[in-house]
Amino acid sequence: MKESFITTKLENILKEYGIVEEVTAFRHLQSGLINQTSKIEAGGEQFILQKINHSVFNEPAKIAHNIRVIGNYLAVHHPNYTFVAPVRTSKGADTITLEGGEYYRLFPFVTGSHTLNKVTTPMQAFEAASQFGAFTALLSGFDTSQLQITIPYFHDLTFRYRQFAEAVSTANPVRKTIAEKLIATMQDHFDLVVQFENIKKDPAFRKRVTHHDTKISNVLFNDSDRAICVIDLDTVMPGYFISDVGDMMRTYLSSATEEETDLSKIIVREEIFKAIIDGYSLEMKDELTPAESRSFVYAAKFIIYMQALRFLTDYLNNDRYYAPAYPDHNFNRAMNQSVLLKQIFEKEETLSSYQSIR
């Protein structure tokens with residue numbers, strides 16, 4: 001019976017945490033795209049076990065450092081906040097390393113919680129946005145210089161555009177021809193890069209503790225679908241609010257995901273846009289400057305455009321980063337994001353009215 005749930009490797013991992021009881025339940029969770037995540041039960045307790053993707057996060061110690069210093073700050077200044085910290089090993093470590101360079105960590109499972117894979121209602125968007133806003137607001141007094149960079153240039157639009165331009169100059173000729181119109185569209189939106197450079201110079205845009213990966217599956221909900229807290233802090237770094245808000249816009253606004261190839265299904269839901277602004281602003285109202293409050297639409301453009309650039313860059317580079325499931329997969333992803341961006345521009349007047357009332 002035991003062997004159906006546990007391997008020797010898993011047994012050795014759990015022993016590092018002093019867990020020697022029989023594993024009575026084990027299942028892989030499919031929501032994560034980077035780390036391998038599983039839910040296990042042993043000794044009547046439930047845990048989340050993650051294998052850290054070392055090719056994406058090549059210095060896991062930096063992740064552990066960031067989570068620890070943030071957790072310490074919240075424990076002192078906001079002790080009632082639900083912060084899901086890694087379980088420490090018997091030796092007090094945040095992660096363990098196996099032979100071959102595999103990194104693992106264990107989290108307690110939050111009883112009564114669940115995650116969502118897509119946004120279906122404005123209330124879900126509101127709840128998630130308020131939690132990401134609360135996370136940043138509660139850490140407003142935290143010294144961001146304490147945070148280490150886990151993915152260099154992660155949301156640096158200027159850097160991403162430079163990668164794109166280099167890919168265009170060295171692209172596979174066949175792929176470059178296929179993507180000719182999309183390349184031109186991306187080049188036509190270079191003004192978004194210029195605006196990002198202006199934001200970096202503008203003191204009205206403050207660098208704060210930013211999550212950087214605000215998809216809905218990174219929020220825990222209770223049985224009443226009320227948000228409990230945010231999770232998956234691997235990409236927490238100093239950043240601008242446009243990163244967190246923009247990523248919510250990119251992943252919540254359309255019911256169609258970035259994998260959708262029927263582009264007619266990509267439709268911006270205005271009620272979701274408003275819910276994101278309302279939820280985030282509820283918690284960040286004392287933090288956002290007037291200039292930031294007028295930049296929610298730009299935040300959407302910023303991240304959607306950056307992701308389109310990244311998919312297209314990878315396509316032109318023969319799929320070095322995003323593993324394709326079929327030929328032209330990354331081209332289709334880039335087209336998908338380009339259509340979403342086009343919708344933001346087409347609905348900009350209406351969308352801007354939601355931010356201007358703040």
# chains A, B, ... in the order shown; residues from 1 in each chain; ligands from 1
call {"tool": "residues_around", "arguments": {"residues": "Lys39 (chain A)", "least_positions_apart": "5", "cutoff": "6 Å", "atoms": "only C-alpha atoms", "output": "ChimeraX atom specification"}}
result
/A:26-27,47-48
call {"tool": "select_by_dssp", "arguments": {"residues": "region 2-211 of chain A", "states": "strand (DSSP E or B)", "output": "PyMOL selection string"}}
result
chain A and resi 23-29+36-42+45-52+96-98+102-108+114+208-210
call {"tool": "closest_residue", "arguments": {"among": "A:Ala25, A:Met123, A:Ile178, A:Val69", "to": "Leu147 (chain A)", "atoms": "only C-alpha atoms"}}
result
A:Val69
call {"tool": "closest_residue", "arguments": {"among": "A:Lys301, A:Leu233, A:Ala323, A:Asp202", "to": "His189 (chain A)", "atoms": "only C-alpha atoms"}}
result
A:Lys301
call {"tool": "select_by_dssp", "arguments": {"residues": "region 217-263 of chain A", "states": "alpha helix (DSSP H)", "output": "VMD selection string"}}
result
chain A and resid 241 to 252
call {"tool": "closest_residue", "arguments": {"among": "A:Glu260, A:Asp225, A:Glu348, A:Asp143", "to": "Tyr298 (chain A)", "atoms": "only C-alpha atoms"}}
result
A:Glu348
call {"tool": "residues_around", "arguments": {"residues": "Tyr17 (chain A)", "least_positions_apart": "4", "cutoff": "12 Å", "atoms": "only C-alpha atoms", "output": "ChimeraX atom specification"}}
result
/A:10-13,21,42,47,49,86-96,104-108
call {"tool": "write_last_selection", "arguments": {"atoms": "N, CA and C atoms", "output": "short mmCIF file (atom, residue, chain, number, x, y, z; two decimals), in the first residue's frame"}}
result
data_model
loop_
_atom_site.label_atom_id
_atom_site.label_comp_id
_atom_site.auth_asym_id
_atom_site.auth_seq_id
_atom_site.Cartn_x
_atom_site.Cartn_y
_atom_site.Cartn_z
N LEU A 10 11.11 10.40 -2.42
CA LEU A 10 10.16 11.16 -1.61
C LEU A 10 10.33 10.83 -0.13
N GLU A 11 10.55 9.59 0.17
CA GLU A 11 10.74 9.18 1.56
C GLU A 11 11.96 9.88 2.16
N ASN A 12 13.04 9.96 1.37
CA ASN A 12 14.26 10.63 1.84
C ASN A 12 14.04 12.13 2.03
N ILE A 13 13.25 12.73 1.14
CA ILE A 13 12.94 14.16 1.27
C ILE A 13 12.19 14.41 2.58
N GLU A 21 6.21 9.23 9.13
CA GLU A 21 4.95 8.50 9.03
C GLU A 21 4.66 8.11 7.58
N ALA A 42 0.60 12.92 5.35
CA ALA A 42 1.36 11.97 6.16
C ALA A 42 1.14 12.29 7.63
N PHE A 47 0.54 18.59 3.25
CA PHE A 47 1.64 19.47 2.86
C PHE A 47 1.63 19.68 1.35
N LEU A 49 4.46 19.97 -1.56
CA LEU A 49 5.88 19.73 -1.86
C LEU A 49 6.18 20.29 -3.24
N PRO A 86 7.71 28.36 4.14
CA PRO A 86 8.17 26.97 4.01
C PRO A 86 8.39 26.33 5.38
N VAL A 87 8.15 25.04 5.44
CA VAL A 87 8.46 24.26 6.64
C VAL A 87 9.99 24.15 6.73
N ARG A 88 10.53 24.35 7.91
CA ARG A 88 11.98 24.21 8.08
C ARG A 88 12.35 22.73 8.23
N THR A 89 13.50 22.36 7.71
CA THR A 89 13.99 21.00 7.87
C THR A 89 14.43 20.80 9.32
N SER A 90 14.79 19.57 9.64
CA SER A 90 15.25 19.28 11.01
C SER A 90 16.50 20.09 11.36
N LYS A 91 17.22 20.54 10.31
CA LYS A 91 18.42 21.33 10.53
C LYS A 91 18.16 22.83 10.41
N GLY A 92 16.88 23.21 10.23
CA GLY A 92 16.52 24.62 10.17
C GLY A 92 16.64 25.25 8.81
N ALA A 93 16.79 24.44 7.75
CA ALA A 93 16.93 24.98 6.40
C ALA A 93 15.56 25.17 5.74
N ASP A 94 15.49 26.09 4.78
CA ASP A 94 14.24 26.37 4.06
C ASP A 94 14.04 25.42 2.87
N THR A 95 15.14 24.92 2.33
CA THR A 95 15.08 23.99 1.20
C THR A 95 16.08 22.87 1.44
N ILE A 96 15.92 21.80 0.67
CA ILE A 96 16.90 20.73 0.72
C ILE A 96 17.42 20.49 -0.70
N TYR A 104 14.26 21.06 -3.30
CA TYR A 104 12.88 20.84 -2.87
C TYR A 104 12.58 21.70 -1.65
N ARG A 105 11.29 21.99 -1.49
CA ARG A 105 10.83 22.67 -0.28
C ARG A 105 9.43 22.19 0.04
N LEU A 106 9.05 22.36 1.29
CA LEU A 106 7.78 21.85 1.79
C LEU A 106 7.00 23.00 2.42
N PHE A 107 5.71 23.08 2.12
CA PHE A 107 4.84 24.08 2.72
C PHE A 107 3.70 23.39 3.46
N PRO A 108 3.20 23.99 4.52
CA PRO A 108 1.98 23.45 5.14
C PRO A 108 0.81 23.72 4.21
#
call {"tool": "residues_around", "arguments": {"residues": "Cys229 (chain A)", "least_positions_apart": "5", "cutoff": "10 Å", "atoms": "only C-alpha atoms", "output": "list in words"}}
result
Tyr81, Thr82, Phe83, Val84, Ser113, Glu127, Ala128, Ser130, Gln131, Phe132, Ala134, Phe135, Asn218, Val219, Leu220, Phe221 and Asn222 of chain A
call {"tool": "residues_around", "arguments": {"residues": "region 302-310 of chain A", "least_positions_apart": "2", "cutoff": "6 Å", "atoms": "only C-alpha atoms", "output": "JSON, numbers by chain"}}
result
{"A": [246, 247, 250, 298, 299, 300, 312, 313, 334, 337]}
call {"tool": "residues_around", "arguments": {"residues": "region 261-271 of chain A", "least_positions_apart": "4", "cutoff": "12 Å", "atoms": "only C-alpha atoms", "output": "short mmCIF file (atom, residue, chain, number, x, y, z; two decimals) with N, CA and C atoms, in the first residue's frame"}}
result
data_model
loop_
_atom_site.label_atom_id
_atom_site.label_comp_id
_atom_site.auth_asym_id
_atom_site.auth_seq_id
_atom_site.Cartn_x
_atom_site.Cartn_y
_atom_site.Cartn_z
N VAL A 119 -10.32 33.08 -14.04
CA VAL A 119 -11.27 34.03 -13.46
C VAL A 119 -12.58 33.93 -14.22
N THR A 120 -13.65 33.65 -13.51
CA THR A 120 -14.96 33.55 -14.14
C THR A 120 -15.92 34.65 -13.70
N THR A 121 -15.61 35.34 -12.58
CA THR A 121 -16.51 36.38 -12.08
C THR A 121 -15.73 37.62 -11.67
N PRO A 122 -16.37 38.79 -11.72
CA PRO A 122 -15.70 40.00 -11.23
C PRO A 122 -15.30 39.88 -9.76
N MET A 123 -16.09 39.19 -8.95
CA MET A 123 -15.75 39.07 -7.53
C MET A 123 -14.43 38.33 -7.34
N GLN A 124 -14.18 37.29 -8.13
CA GLN A 124 -12.91 36.58 -8.03
C GLN A 124 -11.75 37.52 -8.36
N ALA A 125 -11.92 38.33 -9.41
CA ALA A 125 -10.88 39.29 -9.79
C ALA A 125 -10.68 40.33 -8.69
N PHE A 126 -11.78 40.82 -8.11
CA PHE A 126 -11.70 41.79 -7.03
C PHE A 126 -10.96 41.21 -5.83
N MET A 249 -4.23 41.98 -15.32
CA MET A 249 -4.96 42.34 -16.53
C MET A 249 -4.73 41.31 -17.63
N ARG A 250 -3.49 40.94 -17.82
CA ARG A 250 -3.15 40.01 -18.90
C ARG A 250 -3.81 38.66 -18.73
N THR A 251 -3.87 38.18 -17.49
CA THR A 251 -4.34 36.82 -17.26
C THR A 251 -5.80 36.73 -16.82
N TYR A 252 -6.42 37.86 -16.43
CA TYR A 252 -7.81 37.82 -15.97
C TYR A 252 -8.80 38.34 -17.00
N LEU A 253 -8.40 39.32 -17.82
CA LEU A 253 -9.37 40.06 -18.61
C LEU A 253 -10.13 39.21 -19.62
N SER A 254 -9.46 38.28 -20.27
CA SER A 254 -10.12 37.43 -21.25
C SER A 254 -10.33 36.04 -20.67
N SER A 255 -11.48 35.46 -20.97
CA SER A 255 -11.70 34.08 -20.53
C SER A 255 -10.86 33.11 -21.34
N ALA A 256 -10.37 33.56 -22.50
CA ALA A 256 -9.47 32.74 -23.32
C ALA A 256 -8.05 32.90 -22.81
N THR A 257 -7.33 31.82 -22.66
CA THR A 257 -5.96 31.87 -22.17
C THR A 257 -4.99 32.18 -23.31
N ALA A 275 -13.07 45.50 -11.77
CA ALA A 275 -12.92 44.76 -10.51
C ALA A 275 -11.46 44.73 -10.06
N ILE A 276 -10.54 44.60 -11.00
CA ILE A 276 -9.12 44.61 -10.65
C ILE A 276 -8.73 45.96 -10.06
N ILE A 277 -9.16 47.04 -10.73
CA ILE A 277 -8.84 48.38 -10.21
C ILE A 277 -9.45 48.58 -8.83
N ASP A 278 -10.71 48.20 -8.68
CA ASP A 278 -11.39 48.40 -7.39
C ASP A 278 -10.72 47.61 -6.27
N VAL A 297 -4.37 51.48 -17.29
CA VAL A 297 -4.46 51.04 -18.69
C VAL A 297 -3.05 50.78 -19.23
N ALA A 300 -1.76 47.41 -18.20
CA ALA A 300 -2.24 46.31 -19.03
C ALA A 300 -1.43 46.22 -20.32
N ASP A 328 5.06 26.10 -34.46
CA ASP A 328 4.54 27.47 -34.43
C ASP A 328 3.75 27.79 -33.15
N HIS A 329 3.95 27.01 -32.10
CA HIS A 329 3.23 27.23 -30.85
C HIS A 329 3.52 28.64 -30.31
N ASN A 330 4.79 29.03 -30.27
CA ASN A 330 5.12 30.33 -29.71
C ASN A 330 4.69 31.48 -30.61
N PHE A 331 4.63 31.24 -31.90
CA PHE A 331 4.07 32.26 -32.80
C PHE A 331 2.60 32.47 -32.49
N ASN A 332 1.87 31.38 -32.29
CA ASN A 332 0.44 31.49 -31.97
C ASN A 332 0.23 32.18 -30.62
N ARG A 333 1.09 31.89 -29.67
CA ARG A 333 0.99 32.57 -28.38
C ARG A 333 1.22 34.07 -28.53
N ALA A 334 2.20 34.43 -29.36
CA ALA A 334 2.49 35.85 -29.59
C ALA A 334 1.32 36.53 -30.29
N MET A 335 0.72 35.85 -31.26
CA MET A 335 -0.45 36.40 -31.94
C MET A 335 -1.60 36.60 -30.95
N ASN A 336 -1.79 35.64 -30.09
CA ASN A 336 -2.83 35.71 -29.06
C ASN A 336 -2.66 36.97 -28.22
N GLN A 337 -1.45 37.21 -27.75
CA GLN A 337 -1.20 38.37 -26.90
C GLN A 337 -1.30 39.68 -27.69
N SER A 338 -0.95 39.63 -28.96
CA SER A 338 -1.07 40.81 -29.81
C SER A 338 -2.53 41.21 -29.98
N VAL A 339 -3.40 40.23 -30.12
CA VAL A 339 -4.83 40.51 -30.23
C VAL A 339 -5.37 41.09 -28.92
N LEU A 340 -4.93 40.54 -27.80
CA LEU A 340 -5.35 41.06 -26.50
C LEU A 340 -4.90 42.52 -26.35
N LEU A 341 -3.68 42.81 -26.76
CA LEU A 341 -3.18 44.17 -26.71
C LEU A 341 -4.01 45.10 -27.60
N LYS A 342 -4.36 44.62 -28.78
CA LYS A 342 -5.18 45.41 -29.70
C LYS A 342 -6.52 45.76 -29.07
N GLN A 343 -7.08 44.81 -28.33
CA GLN A 343 -8.36 45.06 -27.65
C GLN A 343 -8.22 46.15 -26.59
N ILE A 344 -7.10 46.16 -25.89
CA ILE A 344 -6.88 47.20 -24.88
C ILE A 344 -6.86 48.58 -25.55
N PHE A 345 -6.17 48.68 -26.67
CA PHE A 345 -6.12 49.95 -27.38
C PHE A 345 -7.50 50.35 -27.88
N GLU A 346 -8.25 49.40 -28.40
CA GLU A 346 -9.58 49.70 -28.94
C GLU A 346 -10.56 50.15 -27.86
N LYS A 347 -10.40 49.62 -26.65
CA LYS A 347 -11.31 49.95 -25.56
C LYS A 347 -10.71 50.95 -24.58
N GLU A 348 -9.63 51.60 -24.99
CA GLU A 348 -8.88 52.44 -24.05
C GLU A 348 -9.73 53.55 -23.45
N GLU A 349 -10.57 54.20 -24.24
CA GLU A 349 -11.37 55.30 -23.71
C GLU A 349 -12.28 54.83 -22.58
N THR A 350 -12.96 53.69 -22.81
CA THR A 350 -13.84 53.16 -21.78
C THR A 350 -13.06 52.69 -20.56
N LEU A 351 -11.97 51.98 -20.79
CA LEU A 351 -11.16 51.47 -19.69
C LEU A 351 -10.56 52.61 -18.87
N SER A 352 -10.17 53.67 -19.53
CA SER A 352 -9.57 54.81 -18.83
C SER A 352 -10.56 55.48 -17.91
N SER A 353 -11.84 55.39 -18.24
CA SER A 353 -12.85 56.03 -17.39
C SER A 353 -12.90 55.40 -16.02
N TYR A 354 -12.54 54.12 -15.91
CA TYR A 354 -12.55 53.45 -14.61
C TYR A 354 -11.41 53.92 -13.72
#
call {"tool": "closest_atom_pairs", "arguments": {"of": "region 37-139 of chain A", "to": "region 236-241 of chain A", "cutoff": "9 Å", "atoms": "only C-alpha atoms", "output": "CSV"}}
result
residue,atom,partner,partner_atom,distance
A:Ile63,CA,A:Val236,CA,8.2
A:Asn66,CA,A:Val236,CA,7.4
A:Ile67,CA,A:Val236,CA,8.2
A:Thr136,CA,A:Phe241,CA,8.8
call {"tool": "closest_residue", "arguments": {"among": "A:Gln187, A:Ser140, A:Thr235, A:Thr177", "to": "Lys62 (chain A)", "atoms": "only C-alpha atoms"}}
result
A:Thr235
call {"tool": "atom_distance", "arguments": {"atom1": "CA of Glu259 (chain A)", "atom2": "CA of Gln355 (chain A)"}}
result
28.9 Å
call {"tool": "residues_around", "arguments": {"residues": "Ala167 (chain A)", "least_positions_apart": "5", "cutoff": "10 Å", "atoms": "only C-alpha atoms", "output": "ChimeraX atom specification"}}
result
/A:161-162,172,176,312-318
call {"tool": "decode", "arguments": {"residues": "region 110-215 of chain A", "atoms": "C-alpha atoms", "output": "JSON list (two decimals), in the first residue's frame"}}
result
[["chain", "number", "residue", "atom", "x", "y", "z"],
["A", 110, "VAL", "CA", -3.78, 25.74, 4.38],
["A", 111, "THR", "CA", -6.86, 23.85, 5.56],
["A", 112, "GLY", "CA", -10.04, 24.78, 3.75],
["A", 113, "SER", "CA", -8.19, 26.53, 0.93],
["A", 114, "HIS", "CA", -8.22, 26.00, -2.80],
["A", 115, "THR", "CA", -6.88, 27.72, -5.90],
["A", 116, "LEU", "CA", -8.54, 28.72, -9.17],
["A", 117, "ASN", "CA", -7.16, 28.24, -12.66],
["A", 118, "LYS", "CA", -9.21, 30.97, -14.34],
["A", 119, "VAL", "CA", -11.27, 34.03, -13.46],
["A", 120, "THR", "CA", -14.96, 33.55, -14.14],
["A", 121, "THR", "CA", -16.51, 36.38, -12.08],
["A", 122, "PRO", "CA", -15.70, 40.00, -11.23],
["A", 123, "MET", "CA", -15.75, 39.07, -7.53],
["A", 124, "GLN", "CA", -12.91, 36.58, -8.03],
["A", 125, "ALA", "CA", -10.88, 39.29, -9.79],
["A", 126, "PHE", "CA", -11.70, 41.79, -7.03],
["A", 127, "GLU", "CA", -10.71, 39.37, -4.28],
["A", 128, "ALA", "CA", -7.42, 38.45, -5.94],
["A", 129, "ALA", "CA", -6.53, 42.05, -6.74],
["A", 130, "SER", "CA", -7.24, 43.13, -3.17],
["A", 131, "GLN", "CA", -4.92, 40.40, -1.88],
["A", 132, "PHE", "CA", -2.06, 41.39, -4.16],
["A", 133, "GLY", "CA", -2.66, 45.01, -3.21],
["A", 134, "ALA", "CA", -2.70, 44.13, 0.49],
["A", 135, "PHE", "CA", 0.56, 42.19, 0.15],
["A", 136, "THR", "CA", 2.36, 45.23, -1.26],
["A", 137, "ALA", "CA", 0.64, 47.71, 1.06],
["A", 138, "LEU", "CA", 1.51, 45.76, 4.21],
["A", 139, "LEU", "CA", 5.13, 45.74, 3.10],
["A", 140, "SER", "CA", 5.22, 49.48, 2.37],
["A", 141, "GLY", "CA", 7.62, 49.99, 5.27],
["A", 142, "PHE", "CA", 9.92, 47.18, 4.21],
["A", 143, "ASP", "CA", 13.36, 48.11, 2.86],
["A", 144, "THR", "CA", 13.34, 46.67, -0.67],
["A", 145, "SER", "CA", 17.14, 46.71, -0.78],
["A", 146, "GLN", "CA", 16.96, 43.60, 1.42],
["A", 147, "LEU", "CA", 15.43, 41.65, -1.48],
["A", 148, "GLN", "CA", 17.64, 39.72, -3.86],
["A", 149, "ILE", "CA", 16.96, 39.47, -7.60],
["A", 150, "THR", "CA", 15.71, 35.96, -8.39],
["A", 151, "ILE", "CA", 15.24, 36.54, -12.16],
["A", 152, "PRO", "CA", 17.33, 39.39, -13.57],
["A", 153, "TYR", "CA", 15.48, 41.81, -15.90],
["A", 154, "PHE", "CA", 12.26, 39.84, -15.42],
["A", 155, "HIS", "CA", 9.87, 42.75, -16.11],
["A", 156, "ASP", "CA", 12.33, 45.11, -17.77],
["A", 157, "LEU", "CA", 10.53, 46.05, -20.98],
["A", 158, "THR", "CA", 13.57, 47.78, -22.44],
["A", 159, "PHE", "CA", 15.62, 44.61, -21.99],
["A", 160, "ARG", "CA", 12.86, 42.47, -23.52],
["A", 161, "TYR", "CA", 12.62, 44.76, -26.53],
["A", 162, "ARG", "CA", 16.38, 44.59, -26.99],
["A", 163, "GLN", "CA", 16.17, 40.78, -26.98],
["A", 164, "PHE", "CA", 13.40, 41.00, -29.56],
["A", 165, "ALA", "CA", 15.41, 43.32, -31.82],
["A", 166, "GLU", "CA", 18.41, 40.99, -31.66],
["A", 167, "ALA", "CA", 16.19, 38.01, -32.49],
["A", 168, "VAL", "CA", 14.79, 39.81, -35.53],
["A", 169, "SER", "CA", 18.31, 40.51, -36.81],
["A", 170, "THR", "CA", 19.43, 36.87, -36.47],
["A", 171, "ALA", "CA", 16.12, 35.06, -37.03],
["A", 172, "ASN", "CA", 15.53, 31.88, -38.94],
["A", 173, "PRO", "CA", 14.57, 33.32, -42.40],
["A", 174, "VAL", "CA", 11.53, 31.09, -42.74],
["A", 175, "ARG", "CA", 10.18, 32.05, -39.33],
["A", 176, "LYS", "CA", 10.97, 35.71, -39.92],
["A", 177, "THR", "CA", 8.88, 35.66, -43.08],
["A", 178, "ILE", "CA", 5.96, 33.96, -41.32],
["A", 179, "ALA", "CA", 6.10, 36.52, -38.52],
["A", 180, "GLU", "CA", 6.69, 39.57, -40.72],
["A", 181, "LYS", "CA", 3.40, 41.34, -39.95],
["A", 182, "LEU", "CA", 3.57, 40.57, -36.25],
["A", 183, "ILE", "CA", 7.15, 41.84, -36.08],
["A", 184, "ALA", "CA", 6.00, 45.12, -37.62],
["A", 185, "THR", "CA", 3.14, 45.39, -35.11],
["A", 186, "MET", "CA", 5.54, 44.95, -32.21],
["A", 187, "GLN", "CA", 7.88, 47.57, -33.66],
["A", 188, "ASP", "CA", 4.96, 49.99, -34.07],
["A", 189, "HIS", "CA", 4.36, 49.87, -30.30],
["A", 190, "PHE", "CA", 7.87, 50.95, -29.35],
["A", 191, "ASP", "CA", 6.33, 53.98, -27.64],
["A", 192, "LEU", "CA", 5.37, 51.62, -24.80],
["A", 193, "VAL", "CA", 9.09, 51.05, -24.20],
["A", 194, "VAL", "CA", 9.69, 54.81, -24.20],
["A", 195, "GLN", "CA", 6.91, 55.24, -21.63],
["A", 196, "PHE", "CA", 8.48, 52.55, -19.44],
["A", 197, "GLU", "CA", 11.81, 54.38, -19.55],
["A", 198, "ASN", "CA", 10.02, 57.56, -18.47],
["A", 199, "ILE", "CA", 8.39, 55.72, -15.57],
["A", 200, "LYS", "CA", 11.78, 54.56, -14.33],
["A", 201, "LYS", "CA", 12.90, 58.20, -14.17],
["A", 202, "ASP", "CA", 9.68, 59.51, -12.60],
["A", 203, "PRO", "CA", 9.74, 59.76, -8.76],
["A", 204, "ALA", "CA", 5.93, 59.46, -8.80],
["A", 205, "PHE", "CA", 6.44, 55.77, -9.59],
["A", 206, "ARG", "CA", 7.87, 54.12, -6.51],
["A", 207, "LYS", "CA", 9.65, 50.79, -6.37],
["A", 208, "ARG", "CA", 7.88, 48.53, -3.88],
["A", 209, "VAL", "CA", 7.78, 44.88, -2.86],
["A", 210, "THR", "CA", 6.16, 43.41, -5.95],
["A", 211, "HIS", "CA", 4.94, 39.85, -6.52],
["A", 212, "HIS", "CA", 5.53, 39.82, -10.32],
["A", 213, "ASP", "CA", 3.39, 36.72, -10.97],
["A", 214, "THR", "CA", -0.19, 37.62, -10.12],
["A", 215, "LYS", "CA", -2.12, 34.93, -11.97]]
